[in-house]
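Participant: Sharing model.pdb, PDB, C-alpha atoms and all ligand atoms:
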ATOM      1  CA  MET V   1      92.012  56.351 116.187
ATOM      2  CA  ASP V   2      88.231  56.602 116.170
ATOM      3  CA  THR V   3      87.460  60.262 116.777
ATOM      4  CA  ARG V   4      83.769  60.185 115.964
ATOM      5  CA  ASN V   5      82.759  60.861 119.565
ATOM      6  CA  GLU V   6      84.976  63.926 119.813
ATOM      7  CA  ARG V   7      83.136  67.166 120.597
ATOM      8  CA  ILE V   8      82.837  69.717 117.797
ATOM      9  CA  SER V   9      82.527  73.460 118.307
ATOM     10  CA  ILE V  10      80.940  75.419 115.474
ATOM     11  CA  LEU V  11      81.799  79.125 115.329
ATOM     12  CA  GLY V  12      79.177  80.931 113.285
ATOM     13  CA  LEU V  13      75.449  80.299 113.077
ATOM     14  CA  GLY V  14      74.588  81.853 109.768
ATOM     15  CA  ALA V  15      72.642  79.755 107.286
ATOM     16  CA  MET V  16      75.629  77.468 106.718
ATOM     17  CA  GLY V  17      76.723  77.169 110.354
ATOM     18  CA  ARG V  18      73.189  76.192 111.373
ATOM     19  CA  ALA V  19      73.037  73.592 108.593
ATOM     20  CA  LEU V  20      76.407  72.105 109.624
ATOM     21  CA  ALA V  21      75.460  71.980 113.291
ATOM     22  CA  GLY V  22      72.098  70.395 112.440
ATOM     23  CA  ALA V  23      73.660  67.656 110.313
ATOM     24  CA  LEU V  24      76.223  66.892 113.013
ATOM     25  CA  LEU V  25      73.523  66.714 115.694
ATOM     26  CA  ASP V  26      71.436  64.436 113.483
ATOM     27  CA  ALA V  27      74.445  62.131 113.296
ATOM     28  CA  GLY V  28      74.738  62.059 117.073
ATOM     29  CA  ARG V  29      77.814  64.259 117.387
ATOM     30  CA  GLU V  30      78.361  66.355 120.505
ATOM     31  CA  VAL V  31      78.112  69.925 119.267
ATOM     32  CA  THR V  32      78.826  73.280 120.899
ATOM     33  CA  VAL V  33      77.755  76.385 118.973
ATOM     34  CA  TRP V  34      78.708  80.034 119.160
ATOM     35  CA  ASN V  35      77.561  83.061 117.215
ATOM     36  CA  ARG V  36      78.674  86.691 117.491
ATOM     37  CA  THR V  37      75.069  87.839 117.749
ATOM     38  CA  PRO V  38      73.352  85.822 120.476
ATOM     39  CA  GLY V  39      69.998  84.165 119.938
ATOM     40  CA  ARG V  40      70.726  82.583 116.548
ATOM     41  CA  ALA V  41      70.947  78.981 117.762
ATOM     42  CA  GLY V  42      67.275  78.440 116.886
ATOM     43  CA  ASP V  43      66.216  74.891 117.620
ATOM     44  CA  LEU V  44      69.785  73.592 117.764
ATOM     45  CA  VAL V  45      69.843  73.724 121.554
ATOM     46  CA  ALA V  46      66.542  71.825 121.752
ATOM     47  CA  ARG V  47      68.140  69.246 119.443
ATOM     48  CA  GLY V  48      71.050  68.770 121.816
ATOM     49  CA  ALA V  49      73.606  71.477 121.035
ATOM     50  CA  ARG V  50      75.314  73.350 123.821
ATOM     51  CA  GLU V  51      75.362  77.119 123.258
ATOM     52  CA  ALA V  52      78.562  78.902 124.254
ATOM     53  CA  SER V  53      78.308  82.551 125.235
ATOM     54  CA  SER V  54      81.786  83.413 123.923
ATOM     55  CA  VAL V  55      84.336  82.130 121.432
ATOM     56  CA  ALA V  56      86.569  81.287 124.372
ATOM     57  CA  GLU V  57      83.867  79.101 125.881
ATOM     58  CA  ALA V  58      83.307  77.359 122.546
ATOM     59  CA  VAL V  59      87.023  76.685 122.090
ATOM     60  CA  GLU V  60      87.338  75.507 125.677
ATOM     61  CA  ALA V  61      84.573  72.959 125.057
ATOM     62  CA  GLY V  62      87.391  70.866 123.622
ATOM     63  CA  GLY V  63      87.547  68.688 120.551
ATOM     64  CA  LEU V  64      87.576  70.161 117.096
ATOM     65  CA  THR V  65      86.888  73.845 116.444
ATOM     66  CA  VAL V  66      85.206  74.638 113.132
ATOM     67  CA  ALA V  67      84.825  78.205 111.857
ATOM     68  CA  VAL V  68      82.098  78.998 109.344
ATOM     69  CA  LEU V  69      81.991  82.764 109.399
ATOM     70  CA  LEU V  70      81.435  85.400 106.755
ATOM     71  CA  ASP V  71      85.000  85.917 105.541
ATOM     72  CA  ASP V  72      88.678  85.748 106.393
ATOM     73  CA  ALA V  73      88.585  89.005 108.378
ATOM     74  CA  SER V  74      85.775  87.727 110.611
ATOM     75  CA  VAL V  75      87.733  84.529 111.320
ATOM     76  CA  ARG V  76      90.815  86.463 112.386
ATOM     77  CA  GLU V  77      88.769  88.936 114.418
ATOM     78  CA  SER V  78      86.953  86.147 116.253
ATOM     79  CA  LEU V  79      90.000  83.975 116.882
ATOM     80  CA  ALA V  80      92.637  86.580 117.775
ATOM     81  CA  PRO V  81      91.584  86.855 121.435
ATOM     82  CA  VAL V  82      91.484  83.072 121.944
ATOM     83  CA  LEU V  83      94.620  81.895 120.149
ATOM     84  CA  PRO V  84      96.363  80.934 123.408
ATOM     85  CA  LYS V  85      93.434  78.635 124.209
ATOM     86  CA  LEU V  86      93.701  77.005 120.761
ATOM     87  CA  ALA V  87      97.482  76.524 120.985
ATOM     88  CA  GLY V  88      98.450  72.901 120.522
ATOM     89  CA  GLY V  89      95.135  72.256 118.790
ATOM     90  CA  ALA V  90      93.631  72.734 115.389
ATOM     91  CA  LEU V  91      91.142  74.846 113.528
ATOM     92  CA  VAL V  92      89.007  73.618 110.661
ATOM     93  CA  ASN V  93      88.117  76.692 108.655
ATOM     94  CA  LEU V  94      85.118  76.256 106.381
ATOM     95  CA  THR V  95      84.795  79.978 105.779
ATOM     96  CA  SER V  96      85.115  80.870 102.091
ATOM     97  CA  GLY V  97      88.269  82.711 101.080
ATOM     98  CA  SER V  98      91.093  82.833  98.585
ATOM     99  CA  ALA V  99      94.078  80.494  98.430
ATOM    100  CA  ARG V 100      96.386  83.278  99.619
ATOM    101  CA  GLN V 101      94.114  84.026 102.580
ATOM    102  CA  ALA V 102      94.164  80.341 103.556
ATOM    103  CA  ARG V 103      97.961  80.148 103.325
ATOM    104  CA  GLU V 104      98.353  83.336 105.351
ATOM    105  CA  LEU V 105      95.843  82.094 107.911
ATOM    106  CA  ALA V 106      97.839  78.863 108.216
ATOM    107  CA  GLY V 107     100.981  80.926 108.802
ATOM    108  CA  TRP V 108      99.335  83.202 111.371
ATOM    109  CA  LEU V 109      97.807  80.278 113.272
ATOM    110  CA  GLY V 110     101.069  78.353 113.041
ATOM    111  CA  GLU V 111     102.902  81.206 114.773
ATOM    112  CA  HIS V 112     100.550  80.592 117.693
ATOM    113  CA  GLY V 113     100.907  76.814 117.698
ATOM    114  CA  VAL V 114      97.568  76.167 115.987
ATOM    115  CA  ARG V 115      97.293  73.863 112.962
ATOM    116  CA  LEU V 116      94.892  74.654 110.147
ATOM    117  CA  LEU V 117      92.777  72.303 108.117
ATOM    118  CA  ALA V 118      91.370  74.573 105.445
ATOM    119  CA  GLY V 119      88.073  73.769 103.832
ATOM    120  CA  GLY V 120      85.750  74.633 101.001
ATOM    121  CA  ILE V 121      82.094  73.689 101.219
ATOM    122  CA  MET V 122      80.764  72.285  97.958
ATOM    123  CA  ALA V 123      77.141  72.437  99.047
ATOM    124  CA  VAL V 124      74.455  74.911 100.008
ATOM    125  CA  PRO V 125      72.642  74.765 103.356
ATOM    126  CA  PRO V 126      69.724  72.594 102.121
ATOM    127  CA  THR V 127      72.118  70.041 100.611
ATOM    128  CA  ILE V 128      74.400  69.754 103.640
ATOM    129  CA  GLY V 129      74.331  66.158 104.818
ATOM    130  CA  THR V 130      72.903  64.864 101.529
ATOM    131  CA  ASP V 131      74.663  62.434  99.171
ATOM    132  CA  GLY V 132      75.637  65.204  96.739
ATOM    133  CA  ALA V 133      77.403  67.373  99.312
ATOM    134  CA  PHE V 134      81.176  67.244  99.502
ATOM    135  CA  ILE V 135      83.709  69.264 101.431
ATOM    136  CA  LEU V 136      87.194  70.035 100.153
ATOM    137  CA  TYR V 137      89.976  70.000 102.714
ATOM    138  CA  SER V 138      93.641  70.913 102.430
ATOM    139  CA  GLY V 139      96.445  70.894 104.958
ATOM    140  CA  ALA V 140      98.319  68.194 106.831
ATOM    141  CA  ARG V 141      97.088  64.730 105.938
ATOM    142  CA  ASP V 142      97.088  63.518 109.549
ATOM    143  CA  LEU V 143      94.852  66.420 110.522
ATOM    144  CA  PHE V 144      92.458  65.524 107.712
ATOM    145  CA  ASP V 145      92.490  61.879 108.791
ATOM    146  CA  ARG V 146      91.492  62.951 112.288
ATOM    147  CA  ALA V 147      88.798  65.436 111.232
ATOM    148  CA  ALA V 148      87.255  63.576 108.297
ATOM    149  CA  PRO V 149      85.369  60.871 110.233
ATOM    150  CA  LEU V 150      84.119  63.481 112.658
ATOM    151  CA  LEU V 151      82.849  65.856 109.972
ATOM    152  CA  GLU V 152      81.706  63.238 107.485
ATOM    153  CA  PRO V 153      77.980  63.828 108.281
ATOM    154  CA  ILE V 154      78.074  67.327 106.731
ATOM    155  CA  GLY V 155      79.321  66.082 103.351
ATOM    156  CA  ARG V 156      81.783  63.639 101.798
ATOM    157  CA  PRO V 157      85.285  64.713 102.896
ATOM    158  CA  GLN V 158      87.711  65.187  99.974
ATOM    159  CA  TRP V 159      91.352  65.960 100.711
ATOM    160  CA  VAL V 160      93.008  67.963  97.922
ATOM    161  CA  GLY V 161      96.568  68.339  99.181
ATOM    162  CA  GLU V 162      98.999  69.552 101.823
ATOM    163  CA  ASP V 163      98.966  73.129 100.534
ATOM    164  CA  ALA V 164      96.528  74.975 102.808
ATOM    165  CA  GLY V 165      95.460  77.093  99.856
ATOM    166  CA  PHE V 166      94.221  74.270  97.640
ATOM    167  CA  ALA V 167      90.753  73.803  99.169
ATOM    168  CA  ALA V 168      90.066  77.510  98.666
ATOM    169  CA  LEU V 169      91.622  77.440  95.214
ATOM    170  CA  TYR V 170      89.428  74.570  94.038
ATOM    171  CA  ASP V 171      86.411  76.073  95.780
ATOM    172  CA  MET V 172      86.861  79.455  94.069
ATOM    173  CA  ALA V 173      87.537  77.808  90.715
ATOM    174  CA  ALA V 174      84.466  75.564  90.986
ATOM    175  CA  LEU V 175      82.360  78.567  91.985
ATOM    176  CA  SER V 176      83.640  80.371  88.910
ATOM    177  CA  GLY V 177      82.268  77.498  86.836
ATOM    178  CA  MET V 178      78.966  77.663  88.700
ATOM    179  CA  TYR V 179      78.569  81.425  88.370
ATOM    180  CA  GLY V 180      79.447  81.187  84.689
ATOM    181  CA  MET V 181      76.641  78.681  84.244
ATOM    182  CA  GLY V 182      74.320  80.824  86.361
ATOM    183  CA  ALA V 183      75.128  83.963  84.395
ATOM    184  CA  GLY V 184      74.543  82.077  81.169
ATOM    185  CA  ALA V 185      71.226  80.625  82.330
ATOM    186  CA  GLY V 186      70.071  84.014  83.627
ATOM    187  CA  HIS V 187      70.974  85.697  80.342
ATOM    188  CA  ALA V 188      69.271  82.936  78.337
ATOM    189  CA  VAL V 189      66.021  83.348  80.258
ATOM    190  CA  ALA V 190      66.187  87.159  80.010
ATOM    191  CA  LEU V 191      66.653  86.884  76.251
ATOM    192  CA  VAL V 192      63.609  84.635  75.842
ATOM    193  CA  HIS V 193      61.568  86.839  78.164
ATOM    194  CA  ALA V 194      62.593  90.060  76.381
ATOM    195  CA  GLU V 195      61.460  88.677  73.030
ATOM    196  CA  GLY V 196      58.126  87.360  74.340
ATOM    197  CA  GLY V 197      58.977  83.654  74.539
ATOM    198  CA  ASP V 198      57.473  81.135  76.954
ATOM    199  CA  VAL V 199      60.076  81.156  79.714
ATOM    200  CA  ALA V 200      58.740  78.150  81.608
ATOM    201  CA  ALA V 201      58.585  75.976  78.489
ATOM    202  CA  PHE V 202      62.021  77.198  77.383
ATOM    203  CA  LYS V 203      63.579  76.266  80.719
ATOM    204  CA  ARG V 204      61.872  72.881  80.837
ATOM    205  CA  ASP V 205      62.167  71.780  77.209
ATOM    206  CA  VAL V 206      65.260  73.554  75.933
ATOM    207  CA  LEU V 207      67.647  75.084  78.467
ATOM    208  CA  GLY V 208      67.646  72.242  80.989
ATOM    209  CA  PRO V 209      68.139  69.393  78.509
ATOM    210  CA  TRP V 210      70.676  71.466  76.534
ATOM    211  CA  MET V 211      72.823  72.314  79.543
ATOM    212  CA  GLU V 212      72.726  68.706  80.740
ATOM    213  CA  GLN V 213      73.851  67.538  77.290
ATOM    214  CA  MET V 214      76.706  70.062  77.181
ATOM    215  CA  LEU V 215      78.021  69.734  80.753
ATOM    216  CA  PRO V 216      80.415  66.831  80.049
ATOM    217  CA  PHE V 217      81.845  68.714  77.066
ATOM    218  CA  MET V 218      82.339  71.913  79.067
ATOM    219  CA  VAL V 219      84.111  70.125  81.935
ATOM    220  CA  GLY V 220      86.024  67.632  79.785
ATOM    221  CA  GLY V 221      86.969  70.105  77.081
ATOM    222  CA  ALA V 222      88.212  72.913  79.274
ATOM    223  CA  ALA V 223      91.981  73.202  78.803
ATOM    224  CA  VAL V 224      94.706  75.600  79.892
ATOM    225  CA  ASP V 225      97.024  74.847  77.028
ATOM    226  CA  GLU V 226      96.461  75.847  73.402
ATOM    227  CA  SER V 227      95.430  72.364  72.318
ATOM    228  CA  VAL V 228      91.959  71.936  70.853
ATOM    229  CA  PRO V 229      90.383  68.852  69.290
ATOM    230  CA  ASP V 230      90.928  68.540  65.518
ATOM    231  CA  ASP V 231      87.239  68.995  64.795
ATOM    232  CA  PHE V 232      86.880  72.092  66.966
ATOM    233  CA  ASN V 233      86.020  75.097  64.785
ATOM    234  CA  ALA V 234      86.954  78.173  66.800
ATOM    235  CA  ALA V 235      86.243  80.583  63.929
ATOM    236  CA  MET V 236      82.687  79.279  63.638
ATOM    237  CA  GLN V 237      82.265  79.549  67.427
ATOM    238  CA  ALA V 238      83.570  83.140  67.360
ATOM    239  CA  THR V 239      81.076  84.076  64.631
ATOM    240  CA  GLY V 240      78.267  82.445  66.628
ATOM    241  CA  LEU V 241      79.238  84.364  69.750
ATOM    242  CA  GLU V 242      79.229  87.642  67.808
ATOM    243  CA  THR V 243      75.687  86.780  66.669
ATOM    244  CA  MET V 244      74.657  86.066  70.272
ATOM    245  CA  LEU V 245      76.019  89.429  71.372
ATOM    246  CA  ALA V 246      74.076  91.089  68.532
ATOM    247  CA  ALA V 247      70.920  89.232  69.642
ATOM    248  CA  THR V 248      71.492  90.553  73.170
ATOM    249  CA  ALA V 249      71.555  94.128  71.870
ATOM    250  CA  GLU V 250      68.527  93.522  69.619
ATOM    251  CA  ALA V 251      66.543  92.288  72.630
ATOM    252  CA  GLY V 252      67.462  95.480  74.507
ATOM    253  CA  LEU V 253      69.417  93.663  77.206
ATOM    254  CA  PRO V 254      72.337  95.453  78.858
ATOM    255  CA  ALA V 255      75.795  94.514  77.595
ATOM    256  CA  GLU V 256      76.768  93.682  81.194
ATOM    257  CA  SER V 257      74.356  90.741  81.133
ATOM    258  CA  ALA V 258      76.438  89.061  78.423
ATOM    259  CA  GLY V 259      79.904  89.136  79.997
ATOM    260  CA  HIS V 260      80.091  85.344  79.769
ATOM    261  CA  LEU V 261      79.628  85.574  75.981
ATOM    262  CA  ARG V 262      82.416  88.144  75.692
ATOM    263  CA  ALA V 263      84.699  85.900  77.757
ATOM    264  CA  ALA V 264      83.917  82.966  75.458
ATOM    265  CA  LEU V 265      84.496  85.147  72.374
ATOM    266  CA  TRP V 266      87.892  86.172  73.772
ATOM    267  CA  GLU V 267      88.765  82.487  74.197
ATOM    268  CA  MET V 268      87.684  81.645  70.640
ATOM    269  CA  ARG V 269      89.648  84.524  69.138
ATOM    270  CA  ARG V 270      92.717  83.337  71.027
ATOM    271  CA  ALA V 271      92.178  79.837  69.656
ATOM    272  CA  VAL V 272      91.831  81.219  66.124
ATOM    273  CA  ALA V 273      94.985  83.299  66.560
ATOM    274  CA  ALA V 274      96.850  80.226  67.849
ATOM    275  CA  GLY V 275      95.889  78.408  64.644
TER     276      GLY V 275
HETATM  277  N1  LIG M   1      75.278  79.759 102.326
HETATM  278  C1  LIG M   1      75.837  79.080 101.326
HETATM  279  O1  LIG M   1      75.195  78.668 100.346
HETATM  280  C2  LIG M   1      77.307  78.767 101.389
HETATM  281  C3  LIG M   1      77.841  77.757 100.543
HETATM  282  C4  LIG M   1      79.201  77.458 100.607
HETATM  283  C5  LIG M   1      80.001  78.178 101.463
HETATM  284  N2  LIG M   1      79.460  79.156 102.259
HETATM  285  C6  LIG M   1      80.357  79.921 103.115
HETATM  286  O2  LIG M   1      80.044  79.705 104.476
HETATM  287  C7  LIG M   1      80.349  80.894 105.205
HETATM  288  C8  LIG M   1      79.124  81.294 106.022
HETATM  289  O3  LIG M   1      78.045  81.477 105.113
HETATM  290  P1  LIG M   1      76.561  81.701 105.636
HETATM  291  O4  LIG M   1      75.661  81.354 104.496
HETATM  292  O5  LIG M   1      76.367  81.045 106.943
HETATM  293  O6  LIG M   1      76.584  83.289 105.827
HETATM  294  P2  LIG M   1      75.620  84.181 106.733
HETATM  295  O7  LIG M   1      74.284  83.526 106.863
HETATM  296  O8  LIG M   1      75.687  85.555 106.178
HETATM  297  O9  LIG M   1      76.308  84.150 108.163
HETATM  298  C9  LIG M   1      77.507  84.834 108.396
HETATM  299  C10 LIG M   1      78.032  84.436 109.756
HETATM  300  O10 LIG M   1      79.269  85.133 109.974
HETATM  301  C11 LIG M   1      79.159  85.829 111.203
HETATM  302  N3  LIG M   1      79.985  87.024 111.161
HETATM  303  C12 LIG M   1      80.010  87.977 110.210
HETATM  304  N4  LIG M   1      80.942  88.908 110.477
HETATM  305  C13 LIG M   1      81.506  88.539 111.662
HETATM  306  C14 LIG M   1      82.517  89.085 112.472
HETATM  307  N5  LIG M   1      83.166  90.205 112.124
HETATM  308  N6  LIG M   1      82.847  88.424 113.612
HETATM  309  C15 LIG M   1      82.206  87.277 113.972
HETATM  310  N7  LIG M   1      81.220  86.709 113.233
HETATM  311  C16 LIG M   1      80.887  87.340 112.095
HETATM  312  C17 LIG M   1      77.688  86.125 111.357
HETATM  313  O11 LIG M   1      77.416  86.416 112.697
HETATM  314  P3  LIG M   1      76.223  87.438 113.109
HETATM  315  O12 LIG M   1      74.992  86.582 113.163
HETATM  316  O13 LIG M   1      76.638  87.967 114.390
HETATM  317  O14 LIG M   1      76.146  88.488 112.022
HETATM  318  C18 LIG M   1      77.108  84.785 110.898
HETATM  319  O15 LIG M   1      77.227  83.810 111.890
HETATM  320  C19 LIG M   1      80.754  81.967 104.182
HETATM  321  O16 LIG M   1      82.157  82.063 104.120
HETATM  322  C20 LIG M   1      80.174  81.430 102.893
HETATM  323  O17 LIG M   1      80.891  81.876 101.752
HETATM  324  C21 LIG M   1      78.139  79.450 102.252
END
Please rewrite the model in this file as structure tokens.
Ligand SMILES: NC(=O)c1ccc[n+]([C@@H]2O[C@H](COP(=O)([O-])OP(=O)(O)OC[C@H]3O[C@@H](n4cnc5c(N)ncnc54)[C@H](OP(=O)(O)O)[C@@H]3O)[C@@H](O)[C@H]2O)c1

Facilitator:
Amino acid sequence: MDTRNERISILGLGAMGRALAGALLDAGREVTVWNRTPGRAGDLVARGAREASSVAEAVEAGGLTVAVLLDDASVRESLAPVLPKLAGGALVNLTSGSARQARELAGWLGEHGVRLLAGGIMAVPPTIGTDGAFILYSGARDLFDRAAPLLEPIGRPQWVGEDAGFAALYDMAALSGMYGMGAGAGHAVALVHAEGGDVAAFKRDVLGPWMEQMLPFMVGGAAVDESVPDDFNAAMQATGLETMLAATAEAGLPAESAGHLRAALWEMRRAVAAG
């Protein structure tokens, strides 16, 4: 079934909701938008969106309802009054949350005859609709097959399983990787800055190329079991991490800025202890 002409209602016009609606309009989709605080539709209406004055009106617009609100509580608060109108239909929830929240949301919606396709947006507003953007979805495969062609303009749809919690799980886990990298990069720059180094040159000539070189090792080498490659020297790594923590203190940086180094040291000590 070709569903690409189906109407889409976007609940939430924060930075992400506006980006999603814009990408869908650019692709010629019929879009209805709603936001709790009126007046946030910006130029979306001029670009062809219909602005609903209530969640009920947005849901009644028909087609697929997509929530992109602040958090799980805001999704429940917004949808509770309109569940009877959604009964027999589906919600695509692109609001960030935990796996448990997604599973519980699926259960709560299910009690009211509403099916959930849970999502995790692997993009930021400026990259929505670009080649790099992808969206994780979990829930019933037939629901994904219906929604994916419709929502494809926002980012490459990637189904990660029937379990409603998996999109959120993978999203949270991937964000953990990103924030770890961000914390590391922020600490690296602070260290260079604190000791009088040339931050711009360091970022351009050292940090960027170094992180690019290491990324495949970090992703490929990450393991949950105790196995490590034969040539991996955890004791040496642990000593190096202790030196990095000492350098942090020498530079006068707060210990809190080096939490990622302490986490890595904990991992190395476990590896040493495991032999
Ligand atoms: N921005 C990103 O880079 C990014 C990336 C990936 C995923 N996400 C996820 O996308 C979701 C939206 O992010 P955003 O960047 O658009 O956030 P945002 O700019 O802060 O917008 C939040 C939206 O939630 C609405 N909202 C908040 N509390 C509400 C409530 N109790 N009832 C109804 N609506 C409520 C706000 O409405 P009002 O205007 O009325 O306050 C607004 O539309 C979040 O779950 C975020 O984690 C964002």

Participant: Enumerate residues in contact with ligand LIG 1 (chain M): an atom-to-atom distance of at most 7 Å, counting only C-alpha atoms and all ligand atoms. Format the result as a PyMOL selection string.

Facilitator: chain V and resi 12-17+35-37+40+68-71+73-75+77-78+94-97+120-125

Participant: List the neighbours of V:Arg262 out to 8 Å using only C-alpha atoms; skip same-chain residues closer than 3 positions along the sequence, and give me the result as a list in words.

Facilitator: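 Skipping anything fewer than 3 positions along the chain leaves Leu241, Leu245, Ala258, Gly259, Leu265 and Trp266 of chain V.
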
Participant: The residues within 12 Å of (93.1, 81.7, 129.7), using only C-alpha atoms and the coordinates of the file, should be reported as an MDAnalysis selection string; which are they?

Facilitator: chainID V and resid 56:57 59:60 81:87

Participant: Counting all atoms listed in the file, which residues have an atom no more than 8 Å from (89.6, 73.4, 102.0) in the file's coordinates? Please list them as a list in words.

Facilitator: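 Residues close enough to count: Asn93, Leu94, Leu117, Ala118, Gly119, Gly120, Ile121, Ile135, Leu136, Tyr137, Ser138, Gly139, Trp159, Val160, Ala164, Gly165, Phe166, Ala167, Ala168 and Asp171 of chain V.
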
Participant: Which neighbours of V:Ile10 fall inside 12 Å, counting all atoms listed in the file, when residues of the same chain fewer than 4 positions from it are skipped, and could you give them as a PyMOL selection string?

Facilitator: chain V and resi 14+16-25+29-36+41+44+49-52+54-55+57-59+61-69+91-95+151

Participant: For V:Ala190, which of V:Leu253, V:Val219, V:Met211, V:Ala273 is the closest residue, counting only C-alpha atoms?

Facilitator: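 Selected residue with least distance to V:Ala190: V:Leu253.
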
Participant: Contacts of V:Ala271 at 10 Å or less, counting only C-alpha atoms, minus same-chain residues fewer than 2 places along, as a list of chain:residue names?

Facilitator: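 Once the nearby chain positions are removed, what remains is V:Glu226, V:Ser227, V:Val228, V:Phe232, V:Asn233, V:Ala234, V:Ala235, V:Ala238, V:Leu265, V:Trp266, V:Glu267, V:Met268, V:Arg269, V:Ala273, V:Ala274, V:Gly275.
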
Participant: Rounded to one decimal place, report the atom CA of V:Ala90-atom CA of V:Ser176 distance in Å.

Facilitator: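 Interatomic distance here is 29.3 Å.
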
Participant: My list of candidates is V:Arg103, V:Ala188, V:Phe134, V:Ala263. Which is closest to V:Val206 when distances are computed with all atoms listed in the file?

Facilitator: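 Closest to V:Val206, using all atoms listed in the file: V:Ala188.
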
Participant: Enter the distance from atom CA of V:His112 to atom CA of V:Pro149, in Å, rounded to one decimal.

Facilitator: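 So the two atoms, atom CA of V:His112 and atom CA of V:Pro149, lie 26.0 Å apart.
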
Participant: Taking all atoms listed in the file into account, which of V:Ala185, V:Leu79, V:Leu11, V:Leu215 comes nearest V:Pro38?

Facilitator: V:Leu11
